[in-house]
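Here is the file model12.txt (compact mmCIF, C-alpha atoms and all ligand atoms).
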```
# COMPACT_ATOMS: atom_id res chain seq x y z
CA MET A 1421 163.20 107.37 140.15
CA ASP A 1422 159.77 106.26 141.45
CA GLU A 1423 158.07 103.46 139.57
CA PRO A 1424 155.49 104.80 137.13
CA VAL A 1425 152.68 102.51 138.36
CA LYS A 1426 150.44 104.08 141.01
CA LYS A 1427 151.24 102.55 144.40
CA PHE A 1428 147.71 101.45 145.29
CA LEU A 1429 147.50 99.40 142.09
CA LYS A 1430 150.05 96.98 143.50
CA GLU A 1431 147.53 95.89 146.11
CA LEU A 1432 144.83 95.01 143.62
CA THR A 1433 144.12 91.36 142.87
CA PRO A 1434 142.47 90.11 139.69
CA TYR A 1435 138.84 88.97 139.51
CA PRO A 1436 138.80 85.15 139.66
CA PRO A 1437 136.64 84.08 136.68
CA GLY A 1438 135.21 80.56 136.47
CA LYS A 1439 137.69 78.35 134.62
CA PRO A 1440 136.87 78.01 130.91
CA ILE A 1441 136.31 74.40 129.75
CA GLU A 1442 139.15 74.60 127.20
CA GLU A 1443 141.63 75.71 129.89
CA LEU A 1444 140.65 72.87 132.23
CA GLU A 1445 141.02 70.28 129.49
CA ARG A 1446 144.42 71.67 128.49
CA GLU A 1447 145.72 71.81 132.06
CA TYR A 1448 144.27 68.57 133.48
CA GLY A 1449 144.20 66.41 130.35
CA VAL A 1450 140.50 65.58 130.90
CA LYS A 1451 137.80 65.35 128.21
CA ASN A 1452 134.03 65.99 128.05
CA SER A 1453 134.18 68.49 130.88
CA ILE A 1454 131.20 70.47 132.08
CA LYS A 1455 131.09 73.96 133.55
CA LEU A 1456 128.68 74.91 136.33
CA ALA A 1457 130.73 77.80 137.66
CA SER A 1458 129.61 81.06 136.05
CA ASN A 1459 125.80 81.00 136.27
CA GLU A 1460 125.51 80.89 132.48
CA ASN A 1461 122.50 79.60 130.55
CA PRO A 1462 123.11 75.88 129.88
CA LEU A 1463 120.70 75.86 126.91
CA GLY A 1464 123.05 78.04 124.86
CA PRO A 1465 122.10 81.44 123.43
CA SER A 1466 118.55 82.40 122.48
CA PRO A 1467 117.95 80.89 118.98
CA LYS A 1468 116.31 84.12 117.84
CA ALA A 1469 119.49 85.99 118.87
CA ILE A 1470 121.67 83.57 116.90
CA LYS A 1471 119.53 84.05 113.78
CA ALA A 1472 119.55 87.85 114.06
CA ILE A 1473 123.29 87.92 114.68
CA LYS A 1474 124.00 85.74 111.62
CA GLU A 1475 121.90 88.03 109.48
CA SER A 1476 123.70 91.13 110.75
CA LEU A 1477 127.28 89.98 110.17
CA ASN A 1478 127.67 91.78 106.86
CA LYS A 1479 127.27 95.10 108.65
CA ILE A 1480 130.23 94.87 111.02
CA ASN A 1481 132.40 97.02 108.75
CA ARG A 1482 130.43 99.96 110.23
CA TYR A 1483 130.72 101.36 113.74
CA PRO A 1484 127.70 100.49 115.86
CA ASP A 1485 125.03 103.02 116.84
CA SER A 1486 126.71 104.58 119.86
CA LYS A 1487 123.32 105.45 121.35
CA GLY A 1488 121.98 101.93 120.88
CA TYR A 1489 118.71 103.48 119.74
CA TYR A 1490 116.78 100.35 118.73
CA LEU A 1491 117.74 98.32 121.80
CA LYS A 1492 116.99 101.18 124.18
CA ASN A 1493 113.71 101.71 122.38
CA ARG A 1494 112.76 98.05 122.89
CA LEU A 1495 113.81 98.16 126.57
CA ALA A 1496 111.84 101.38 127.07
CA GLU A 1497 108.77 99.70 125.64
CA LYS A 1498 109.22 96.52 127.70
CA PHE A 1499 109.80 98.28 131.02
CA GLY A 1500 107.63 101.37 130.51
CA LEU A 1501 110.48 103.85 130.97
CA PRO A 1502 111.73 106.80 128.89
CA MET A 1503 114.74 105.97 126.72
CA ALA A 1504 116.65 108.73 128.51
CA ASP A 1505 116.54 106.64 131.72
CA ILE A 1506 118.37 103.71 130.12
CA ILE A 1507 122.08 102.98 129.64
CA LEU A 1508 123.62 100.05 127.77
CA GLY A 1509 126.91 98.58 128.88
CA ASN A 1510 129.64 96.21 127.79
CA GLY A 1511 128.13 93.77 130.25
CA SER A 1512 126.56 95.17 133.41
CA ASP A 1513 130.15 94.96 134.68
CA GLU A 1514 130.85 98.12 132.69
CA ILE A 1515 128.00 99.99 134.35
CA ILE A 1516 129.30 98.99 137.81
CA LYS A 1517 132.59 100.57 136.80
CA LEU A 1518 130.97 103.71 135.37
CA ALA A 1519 128.96 104.25 138.56
CA THR A 1520 132.04 103.85 140.75
CA HIS A 1521 134.04 106.13 138.49
CA ALA A 1522 131.32 108.79 138.56
CA PHE A 1523 130.63 108.85 142.29
CA VAL A 1524 133.68 107.59 144.24
CA SER A 1525 136.75 109.74 144.92
CA PRO A 1526 139.76 108.44 146.87
CA GLY A 1527 138.79 107.91 150.52
CA ASP A 1528 135.02 107.95 149.93
CA GLU A 1529 133.15 105.14 151.62
CA VAL A 1530 131.56 102.38 149.58
CA ILE A 1531 129.27 99.99 151.44
CA ILE A 1532 129.26 96.43 150.19
CA PRO A 1533 127.48 93.43 151.73
CA PHE A 1534 129.73 90.44 152.32
CA PRO A 1535 129.80 88.05 150.55
CA THR A 1536 128.40 89.35 147.30
CA PHE A 1537 129.42 89.73 143.65
CA LEU A 1538 133.14 90.51 143.72
CA MET A 1539 133.17 93.22 141.06
CA TYR A 1540 131.72 95.83 143.42
CA GLU A 1541 134.78 95.50 145.63
CA LYS A 1542 137.21 95.33 142.69
CA ASN A 1543 135.83 98.57 141.24
CA ALA A 1544 135.75 100.37 144.59
CA GLN A 1545 139.44 99.45 144.98
CA SER A 1546 140.26 100.73 141.49
CA PHE A 1547 138.86 104.14 142.36
CA GLN A 1548 140.47 104.09 145.82
CA GLY A 1549 137.22 104.01 147.74
CA LYS A 1550 137.23 102.94 151.37
CA ILE A 1551 135.31 99.67 151.44
CA ILE A 1552 132.94 99.05 154.33
CA LYS A 1553 131.88 95.41 154.31
CA ILE A 1554 128.63 94.50 156.02
CA PRO A 1555 128.37 90.75 156.71
CA LEU A 1556 125.23 88.95 155.64
CA LYS A 1557 122.86 87.83 158.40
CA ASP A 1558 121.89 84.16 158.05
CA PHE A 1559 122.99 84.42 154.40
CA TYR A 1560 120.69 87.43 153.71
CA ILE A 1561 121.81 91.01 153.02
CA ASP A 1562 121.43 92.89 156.31
CA LEU A 1563 119.74 96.16 155.34
CA SER A 1564 119.42 97.56 158.86
CA SER A 1565 123.16 97.16 159.51
CA ILE A 1566 123.82 98.82 156.15
CA LEU A 1567 121.60 101.75 157.15
CA ASN A 1568 123.50 102.07 160.42
CA ALA A 1569 126.82 102.07 158.57
CA ILE A 1570 125.95 105.02 156.34
CA SER A 1571 128.01 108.10 157.16
CA GLU A 1572 128.63 111.50 155.60
CA LYS A 1573 131.43 109.90 153.61
CA THR A 1574 129.27 107.17 152.06
CA LYS A 1575 128.94 107.60 148.31
CA ILE A 1576 127.62 104.27 147.07
CA VAL A 1577 125.81 101.28 148.55
CA PHE A 1578 125.97 98.18 146.36
CA LEU A 1579 123.10 95.71 146.66
CA ASN A 1580 122.56 92.54 144.71
CA ASN A 1581 119.04 91.14 144.76
CA PRO A 1582 118.92 88.14 144.54
CA ASN A 1583 122.43 87.97 145.92
CA ASN A 1584 125.35 86.20 144.26
CA PRO A 1585 126.74 83.84 145.66
CA THR A 1586 124.04 82.98 148.23
CA GLY A 1587 121.00 83.02 145.92
CA THR A 1588 118.96 84.61 148.73
CA ALA A 1589 116.66 87.54 147.98
CA LEU A 1590 115.02 90.34 149.93
CA GLY A 1591 111.33 91.14 149.59
CA ILE A 1592 110.14 94.24 147.80
CA ASN A 1593 108.70 95.85 150.95
CA GLU A 1594 111.99 95.59 152.80
CA ILE A 1595 113.93 97.07 149.88
CA SER A 1596 111.37 99.77 149.32
CA TYR A 1597 111.59 100.85 152.99
CA PHE A 1598 115.39 100.86 152.74
CA LEU A 1599 115.38 103.01 149.59
CA GLN A 1600 113.07 105.54 151.22
CA SER A 1601 115.25 105.66 154.38
CA ILE A 1602 118.58 106.28 152.74
CA PRO A 1603 119.90 109.85 152.32
CA LYS A 1604 119.37 111.12 148.75
CA GLU A 1605 123.10 111.99 148.45
CA VAL A 1606 124.00 108.30 148.62
CA ILE A 1607 123.83 106.35 145.35
CA ILE A 1608 122.34 102.87 145.54
CA VAL A 1609 123.45 100.48 142.84
CA LEU A 1610 120.89 97.69 142.92
CA ASP A 1611 122.07 94.83 140.73
CA GLU A 1612 119.16 92.69 139.53
CA ALA A 1613 121.22 90.34 137.35
CA TYR A 1614 119.17 87.32 138.51
CA ILE A 1615 115.78 88.87 139.30
CA GLU A 1616 114.06 87.09 136.38
CA PHE A 1617 114.75 83.72 138.05
CA ALA A 1618 113.07 84.61 141.36
CA THR A 1619 109.96 82.54 142.04
CA GLU A 1620 108.79 83.80 145.45
CA LYS A 1621 105.87 86.22 145.19
CA ASN A 1622 107.35 89.13 147.13
CA ILE A 1623 110.66 89.13 145.21
CA GLU A 1624 110.41 91.65 142.40
CA SER A 1625 112.24 94.38 140.56
CA THR A 1626 112.42 97.91 141.97
CA ILE A 1627 111.85 99.53 138.57
CA HIS A 1628 108.57 101.07 139.77
CA LEU A 1629 110.51 102.86 142.56
CA LEU A 1630 112.84 104.72 140.18
CA GLU A 1631 110.63 107.76 140.02
CA SER A 1632 110.60 108.27 143.80
CA CYS A 1633 114.31 107.35 144.20
CA PRO A 1634 116.49 109.76 142.20
CA ASN A 1635 119.60 108.13 143.72
CA LEU A 1636 118.82 104.59 142.48
CA ILE A 1637 120.69 102.80 139.68
CA ILE A 1638 119.25 99.41 138.66
CA LEU A 1639 121.43 96.95 136.74
CA ARG A 1640 120.27 94.12 134.49
CA THR A 1641 122.05 91.77 132.12
CA PHE A 1642 121.62 89.65 128.99
CA SER A 1643 124.30 87.24 130.26
CA LYS A 1644 122.13 84.95 132.36
CA LEU A 1645 118.48 84.37 131.37
CA TYR A 1646 119.05 85.25 127.69
CA GLY A 1647 122.23 83.20 127.31
CA LEU A 1648 124.37 85.99 125.86
CA ALA A 1649 127.29 86.17 128.34
CA GLY A 1650 129.87 86.02 125.55
CA LEU A 1651 128.37 89.01 123.72
CA ARG A 1652 128.98 91.29 126.71
CA ILE A 1653 125.85 93.32 126.98
CA GLY A 1654 123.98 94.61 130.01
CA TYR A 1655 121.79 97.59 130.79
CA GLY A 1656 120.87 99.92 133.58
CA PHE A 1657 118.04 102.22 134.64
CA ALA A 1658 118.37 105.50 136.53
CA SER A 1659 117.30 109.12 136.37
CA LYS A 1660 118.16 110.97 133.16
CA ASP A 1661 120.74 113.03 135.08
CA ILE A 1662 122.59 109.96 136.34
CA ILE A 1663 122.42 108.27 132.92
CA ASN A 1664 123.94 111.38 131.32
CA VAL A 1665 126.88 111.39 133.75
CA LEU A 1666 127.56 107.68 133.29
CA THR A 1667 127.38 108.02 129.51
CA LEU A 1668 129.96 110.83 129.57
CA LEU A 1669 132.49 108.41 131.08
CA GLN A 1670 131.76 105.65 128.59
CA GLN A 1671 133.61 104.77 125.40
CA PRO A 1672 131.37 105.72 122.48
CA PHE A 1673 131.10 102.18 121.06
CA SER A 1674 131.27 100.01 124.16
CA THR A 1675 128.29 97.83 123.19
CA ASN A 1676 129.00 96.42 119.77
CA TYR A 1677 126.60 96.06 116.85
CA ILE A 1678 126.21 92.30 117.10
CA ALA A 1679 125.50 92.55 120.81
CA GLN A 1680 122.79 95.15 120.23
CA VAL A 1681 121.15 93.11 117.48
CA GLY A 1682 121.36 89.88 119.51
CA ALA A 1683 119.92 91.53 122.60
CA ILE A 1684 116.87 92.89 120.74
CA ALA A 1685 116.13 89.46 119.29
CA ALA A 1686 116.61 87.79 122.70
CA LEU A 1687 114.14 90.18 124.31
CA ASN A 1688 111.57 88.94 121.80
CA ASP A 1689 112.31 85.26 122.40
CA ASN A 1690 109.62 84.37 124.92
CA LYS A 1691 109.80 80.70 124.04
CA PHE A 1692 113.48 80.55 125.01
CA VAL A 1693 112.88 82.46 128.25
CA LYS A 1694 110.10 80.05 129.25
CA LYS A 1695 112.21 77.03 128.36
CA THR A 1696 115.11 78.36 130.43
CA LEU A 1697 112.97 79.07 133.49
CA ALA A 1698 111.38 75.60 133.30
CA LEU A 1699 114.81 74.00 133.00
CA ILE A 1700 116.04 75.83 136.11
CA THR A 1701 112.94 74.90 138.13
CA GLU A 1702 113.25 71.22 137.18
CA GLY A 1703 117.02 71.21 137.71
CA LEU A 1704 116.71 72.75 141.16
CA LYS A 1705 114.06 70.21 142.14
CA PHE A 1706 116.42 67.40 141.16
CA ILE A 1707 119.47 68.90 142.91
CA TYR A 1708 117.54 69.66 146.11
CA SER A 1709 116.17 66.13 146.31
CA GLN A 1710 119.58 64.57 145.70
CA LEU A 1711 121.25 66.78 148.31
CA ASN A 1712 118.51 65.92 150.80
CA THR A 1713 119.16 62.23 150.22
CA MET A 1714 122.89 62.77 150.68
CA GLY A 1715 122.28 64.76 153.87
CA LEU A 1716 124.14 67.82 152.56
CA GLN A 1717 123.13 71.31 153.67
CA TYR A 1718 122.33 73.92 151.00
CA ILE A 1719 120.82 77.37 150.80
CA ASN A 1720 117.42 77.72 149.12
CA THR A 1721 117.88 79.90 146.07
CA GLN A 1722 115.89 82.44 144.06
CA THR A 1723 118.35 82.19 141.16
CA ASN A 1724 119.84 79.72 138.67
CA PHE A 1725 122.65 78.79 141.12
CA LEU A 1726 122.96 77.60 144.70
CA MET A 1727 125.45 77.21 147.52
CA ILE A 1728 126.11 73.77 149.00
CA LYS A 1729 127.98 72.98 152.21
CA THR A 1730 130.61 70.30 151.83
CA PRO A 1731 132.17 68.15 154.56
CA ILE A 1732 135.66 68.85 153.17
CA SER A 1733 136.98 72.34 152.37
CA SER A 1734 135.51 74.03 149.32
CA LYS A 1735 139.00 74.40 147.89
CA GLU A 1736 139.56 70.65 148.10
CA THR A 1737 136.10 69.88 146.70
CA HIS A 1738 136.81 72.26 143.82
CA GLU A 1739 140.16 70.66 143.08
CA ARG A 1740 138.79 67.10 143.19
CA MET A 1741 135.89 68.11 140.95
CA LEU A 1742 138.25 69.69 138.40
CA LYS A 1743 140.16 66.43 138.14
CA GLU A 1744 136.86 64.75 137.24
CA GLY A 1745 136.14 67.38 134.56
CA VAL A 1746 133.46 69.27 136.52
CA ILE A 1747 134.03 73.00 136.93
CA ILE A 1748 132.32 74.48 139.98
CA ARG A 1749 133.05 77.52 142.16
CA SER A 1750 134.91 77.29 145.46
CA MET A 1751 133.42 79.82 147.83
CA GLU A 1752 136.91 80.53 149.09
CA ASP A 1753 137.01 83.16 146.33
CA PHE A 1754 134.23 84.85 148.32
CA GLY A 1755 135.79 84.29 151.74
CA ILE A 1756 133.69 81.24 152.74
CA LYS A 1757 135.62 78.05 153.34
CA ASP A 1758 133.06 75.27 153.51
CA PHE A 1759 130.61 75.99 150.68
CA ILE A 1760 130.74 75.50 146.95
CA ARG A 1761 128.49 77.20 144.39
CA ILE A 1762 127.10 75.54 141.30
CA ASN A 1763 124.69 76.77 138.68
CA ILE A 1764 121.91 74.57 137.35
CA GLY A 1765 122.93 72.87 134.12
CA LEU A 1766 121.24 70.57 131.61
CA PRO A 1767 119.64 67.47 133.24
CA GLU A 1768 122.60 65.29 132.27
CA GLU A 1769 125.03 67.89 133.68
CA ASN A 1770 123.13 68.02 136.97
CA GLU A 1771 123.25 64.22 137.15
CA ARG A 1772 126.97 64.21 136.40
CA PHE A 1773 127.56 66.80 139.14
CA ILE A 1774 125.70 64.69 141.73
CA ARG A 1775 127.46 61.50 140.63
CA THR A 1776 130.85 63.18 140.83
CA LEU A 1777 130.09 64.80 144.18
CA LYS A 1778 129.20 61.39 145.63
CA LYS A 1779 132.42 59.96 144.22
CA ILE A 1780 134.81 62.62 145.50
CA LEU A 1781 133.27 62.93 148.95
C1 LIG A 1801 125.46 89.81 140.41
C2 LIG A 1801 126.12 89.95 139.10
N1 LIG A 1801 126.14 91.15 138.50
C3 LIG A 1801 126.73 91.32 137.31
C4 LIG A 1801 127.34 90.27 136.67
C5 LIG A 1801 128.04 90.54 135.38
O1 LIG A 1801 127.14 90.53 134.36
P1 LIG A 1801 127.57 90.95 132.90
O2 LIG A 1801 127.91 89.69 132.18
O3 LIG A 1801 126.36 91.63 132.36
O4 LIG A 1801 128.74 91.88 133.00
C6 LIG A 1801 127.35 89.01 137.24
C7 LIG A 1801 128.02 87.90 136.57
O5 LIG A 1801 128.25 86.86 137.08
C8 LIG A 1801 126.73 88.85 138.49
O6 LIG A 1801 126.73 87.67 139.11
```

Translate the structure of the given file into structure tokens.
Amino acid sequence: MDEPVKKFLKELTPYPPGKPIEELEREYGVKNSIKLASNENPLGPSPKAIKAIKESLNKINRYPDSKGYYLKNRLAEKFGLPMADIILGNGSDEIIKLATHAFVSPGDEVIIPFPTFLMYEKNAQSFQGKIIKIPLKDFYIDLSSILNAISEKTKIVFLNNPNNPTGTALGINEISYFLQSIPKEVIIVLDEAYIEFATEKNIESTIHLLESCPNLIILRTFSKLYGLAGLRIGYGFASKDIINVLTLLQQPFSTNYIAQVGAIAALNDNKFVKKTLALITEGLKFIYSQLNTMGLQYINTQTNFLMIKTPISSKETHERMLKEGVIIRSMEDFGIKDFIRINIGLPEENERFIRTLKKIL
């Protein structure tokens, strides 16, 4: 008898998450570890979110509002969009999956820049899409090569702006031209998970292009700027028709009550947002200056993380760092052998990272 598991599933490999601190300490017997591997907010969650969550705990005997009315309403107000153009997800990860599920049949082509956030590829594999990888050009997403790669079989193009893991970002004019040039039958999933961190003037969200691009899905998250990665809540914008299809494929209660309450409070926490952005700016200034002094090459970033070239392999750097209780990301996970990626931490974490890097190199 044939095995019950579908054959193609045997070729899938798991997503490599950043190592949790508790796991590192258990495995390596180290203490006081720090994690700079998952682009999380080092300040913790938004205090307003914590307060609202605490106050809402006595309601978790009830199922959450499956439509997420109050959160969508707040997002609609903030971004000037109709509520019908908004979807909530169990992290933006869920919306990546819903979009792939909705639009990719076995053998359909999915265009993915390389390297970029790994979940696009993982989802395309799960739905048996044919992945077309377009290498970055000088660490930037190469839109003209992506345009050239589009065929009649292309169903989705995934774009991440700014891009994880490089931290590089494309300007709004370039993206706008690309969106206008692409056939309307091709869905563009434009993941703006880090757009709030971008500081260059011409780097901005494409929300204002939604109306003229019926094939555009924009993704955003509460996991980074708002410090709510553990709550698992993200959101997306698209035409009402696309939102309706994605919602059909979704579990009714995929964003839980606490996540919805926390997200609304976080959206209203301007003080926390400002504090986070200032911390990242200061942290980057420090890291850049230290790397310059050490003579190490890095890629200028528009995000809360950056890639650094190391004289030994990234795998080795990663391993040596773990032994010192510092969790970073080896870019080998992304197919690059001589870079590591770190996110900006608290000042003392940034200092510890630099100290440890000097020691292990
Ligand atoms: C580019 C990008 N998109 C999406 C996500 C996932 O976000 P969420 O926590 O909302 O699922 C990440 C997380 O690292 C990311 O880097």

Kindly provide, as a list of chain:residue names, the polymer residues lying within 12 Å of (141.7, 74.5, 132.1), counting only C-alpha atoms and using the coordinates exactly as they appear in the file.
->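 In the file's frame, the residues around the point are A:Pro1437, A:Gly1438, A:Lys1439, A:Pro1440, A:Ile1441, A:Glu1442, A:Glu1443, A:Leu1444, A:Glu1445, A:Arg1446, A:Glu1447, A:Tyr1448, A:Gly1449, A:Val1450, A:Lys1451, A:Ser1453, A:Ile1454, A:Lys1455, A:Glu1739, A:Leu1742, A:Lys1743, A:Gly1745, A:Val1746, A:Ile1747.
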
Considering only C-alpha atoms and all ligand atoms, tabulate each residue of chain A that lies at most 9 Å from ligand LIG 1801 (chain A) along with its nearest interatomic pair and the corresponding distance in Å to one decimal; arrange the rows by chain and ascending residue number and present them as a Markdown table.
```
| residue | atom | partner | partner_atom | distance |
| --- | --- | --- | --- | --- |
| A:Pro1437 | CA | A:LIG1801 | O5 | 8.8 |
| A:Ser1458 | CA | A:LIG1801 | O5 | 6.0 |
| A:Asn1459 | CA | A:LIG1801 | O5 | 6.4 |
| A:Glu1460 | CA | A:LIG1801 | O5 | 8.0 |
| A:Gly1509 | CA | A:LIG1801 | O3 | 7.8 |
| A:Asn1510 | CA | A:LIG1801 | O4 | 6.8 |
| A:Gly1511 | CA | A:LIG1801 | O4 | 3.4 |
| A:Ser1512 | CA | A:LIG1801 | O3 | 3.7 |
| A:Asp1513 | CA | A:LIG1801 | O4 | 3.8 |
| A:Glu1514 | CA | A:LIG1801 | O4 | 6.6 |
| A:Ile1515 | CA | A:LIG1801 | O4 | 8.3 |
| A:Ile1516 | CA | A:LIG1801 | C3 | 8.1 |
| A:Thr1536 | CA | A:LIG1801 | C1 | 7.5 |
| A:Phe1537 | CA | A:LIG1801 | C1 | 5.1 |
| A:Leu1538 | CA | A:LIG1801 | O6 | 8.4 |
| A:Met1539 | CA | A:LIG1801 | C3 | 7.7 |
| A:Tyr1540 | CA | A:LIG1801 | N1 | 8.8 |
| A:Leu1579 | CA | A:LIG1801 | C1 | 8.9 |
| A:Asn1580 | CA | A:LIG1801 | C1 | 5.9 |
| A:Asn1581 | CA | A:LIG1801 | C1 | 7.9 |
| A:Pro1582 | CA | A:LIG1801 | C1 | 7.9 |
| A:Asn1583 | CA | A:LIG1801 | C1 | 6.6 |
| A:Asn1584 | CA | A:LIG1801 | C1 | 5.3 |
| A:Pro1585 | CA | A:LIG1801 | O6 | 7.6 |
| A:Asp1611 | CA | A:LIG1801 | N1 | 5.9 |
| A:Glu1612 | CA | A:LIG1801 | C1 | 7.0 |
| A:Ala1613 | CA | A:LIG1801 | N1 | 5.1 |
| A:Tyr1614 | CA | A:LIG1801 | C1 | 7.0 |
| A:Leu1639 | CA | A:LIG1801 | N1 | 7.7 |
| A:Arg1640 | CA | A:LIG1801 | O3 | 6.9 |
| A:Thr1641 | CA | A:LIG1801 | O3 | 4.3 |
| A:Phe1642 | CA | A:LIG1801 | O3 | 6.1 |
| A:Ser1643 | CA | A:LIG1801 | O2 | 4.8 |
| A:Lys1644 | CA | A:LIG1801 | O2 | 7.5 |
| A:Leu1648 | CA | A:LIG1801 | O2 | 8.1 |
| A:Ala1649 | CA | A:LIG1801 | O2 | 5.2 |
| A:Gly1650 | CA | A:LIG1801 | O2 | 7.8 |
| A:Leu1651 | CA | A:LIG1801 | O2 | 8.5 |
| A:Arg1652 | CA | A:LIG1801 | O2 | 5.8 |
| A:Ile1653 | CA | A:LIG1801 | O3 | 5.7 |
| A:Gly1654 | CA | A:LIG1801 | O3 | 4.5 |
| A:Tyr1655 | CA | A:LIG1801 | O3 | 7.7 |
```

What does the distance from CA of Pro1767 (chain A) to CA of Phe1754 (chain A) come to in Å, to one decimal?
->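 Value for the CA of Pro1767 (chain A)-CA of Phe1754 (chain A) distance: 27.2 Å.
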
Work out how far CA of Thr1626 (chain A) is from CA of Leu1491 (chain A), in Å to one decimal.
->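 If I compute the distance from CA of Leu1491 (chain A) to CA of Thr1626 (chain A), I get 20.9 Å.
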
Name the residues in contact with Leu1599 (chain A) at a cut-off of 9 Å, using all atoms listed in the file, excluding same-chain residues fewer than 2 positions from it; report them as an mmCIF file with C-alpha atoms, in the coordinates of the input.
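The result, written out as part_13.cif:
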```
data_model
loop_
_atom_site.group_PDB
_atom_site.id
_atom_site.type_symbol
_atom_site.label_atom_id
_atom_site.label_comp_id
_atom_site.auth_asym_id
_atom_site.auth_seq_id
_atom_site.Cartn_x
_atom_site.Cartn_y
_atom_site.Cartn_z
ATOM 1 C CA GLU A 1594 111.990 95.590 152.800
ATOM 2 C CA ILE A 1595 113.930 97.070 149.880
ATOM 3 C CA SER A 1596 111.370 99.770 149.320
ATOM 4 C CA TYR A 1597 111.590 100.850 152.990
ATOM 5 C CA SER A 1601 115.250 105.660 154.380
ATOM 6 C CA ILE A 1602 118.580 106.280 152.740
ATOM 7 C CA PRO A 1603 119.900 109.850 152.320
ATOM 8 C CA ILE A 1608 122.340 102.870 145.540
ATOM 9 C CA LEU A 1629 110.510 102.860 142.560
ATOM 10 C CA CYS A 1633 114.310 107.350 144.200
ATOM 11 C CA ASN A 1635 119.600 108.130 143.720
ATOM 12 C CA LEU A 1636 118.820 104.590 142.480
#
```

What does the distance between CA of Lys1621 (chain A) and CA of Gly1656 (chain A) come to in Å, to one decimal place?
->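 Spanning CA of Lys1621 (chain A) to CA of Gly1656 (chain A) is a straight-line distance of 23.4 Å.
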
The centre and edge lengths of an axis-aligned box containing all atoms of region 1643-1653 of chain A present in the file, extended by 4 Å on each side, are to be given in Å to one decimal, as AutoDock Vina command-line options.
```
--center_x 124.2 --center_y 88.3 --center_z 128.0 --size_x 19.4 --size_y 18.1 --size_z 16.6
```

Residues of region 1637-1685 of chain A within 10 Å of region 1691-1713 of chain A: nearest atom pair and distance (Å, one decimal) for each, counting only C-alpha atoms, sorted by chain and number, as JSON lines?
```
{"residue": "A:Lys1644", "atom": "CA", "partner": "A:Thr1696", "partner_atom": "CA", "distance": 9.8}
{"residue": "A:Leu1645", "atom": "CA", "partner": "A:Val1693", "partner_atom": "CA", "distance": 6.7}
{"residue": "A:Tyr1646", "atom": "CA", "partner": "A:Val1693", "partner_atom": "CA", "distance": 6.8}
{"residue": "A:Gly1647", "atom": "CA", "partner": "A:Thr1696", "partner_atom": "CA", "distance": 9.2}
```

Name the closest residue to Ile1756 (chain A) among the candidates A:Leu1563, A:Ile1663, A:Leu1556, A:Val1681; distances are taken between atoms, counting only C-alpha atoms.
-> A:Leu1556

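Using all atoms listed in the file, the smallest distance between any of A:Lys1778, A:Lys1550, A:Lys1468, A:Lys1517 and Thr1667 (chain A) comes from A:Lys1517.
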
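Restricting the calculation to only C-alpha atoms, the smallest distance between Ala1457 (chain A) and any of A:Ser1565, A:Ala1683, A:Pro1436, A:Phe1578 is found for A:Pro1436.
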
For region 1500-1505 of chain A, list every protein, DNA or RNA residue within 8 Å, evaluated using only C-alpha atoms, and leave out those in the same chain fewer than 3 positions away; present the list as a list in words.
->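 Once the nearby chain positions are removed, what remains is Lys1492, Asn1493, Leu1495, Ala1496, Glu1497, Phe1657, Ala1658, Ser1659, Lys1660 and Ile1663 of chain A.
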
Of the listed residues A:Ser1486, A:Thr1586, A:Asn1664, A:Thr1675, that which approaches Ile1762 (chain A) most closely, counting all atoms listed in the file = A:Thr1586

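Checking A:Ala1618, A:Ile1470, A:Leu1508, A:Ile1748 one by one against Thr1776 (chain A), counting only C-alpha atoms, you find the shortest gap at A:Ile1748.
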
Identify which of the residues A:Asn1676, A:Thr1730, A:Asn1622, A:Asn1720 lies closest to Tyr1560 (chain A), counting all atoms listed in the file when measuring atom-to-atom distances.
->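 Result for the nearest residue to Tyr1560 (chain A): A:Asn1720.
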
Contacts of Phe1534 (chain A) within 6 Å, only C-alpha atoms, excl. fewer than 5 positions in-chain, as a ChimeraX atom specification = /A:1553-1556

Excluding Phe1617 (chain A) and residues on its chain fewer than 6 positions from it, collect all residues at most 7 Å away from it, counting all atoms listed in the file, and give them as a JSON list (two decimals) with C-alpha atoms, in the coordinates of the input.
```
[["chain", "number", "residue", "atom", "x", "y", "z"],
["A", 1697, "LEU", "CA", 112.97, 79.07, 133.49],
["A", 1722, "GLN", "CA", 115.89, 82.44, 144.06],
["A", 1723, "THR", "CA", 118.35, 82.19, 141.16],
["A", 1724, "ASN", "CA", 119.84, 79.72, 138.67]]
```

Using only C-alpha atoms, what residues lie at most 6 Å away from (145.8, 98.8, 140.7) (file coordinates), given as a count of residues only?
-> 5
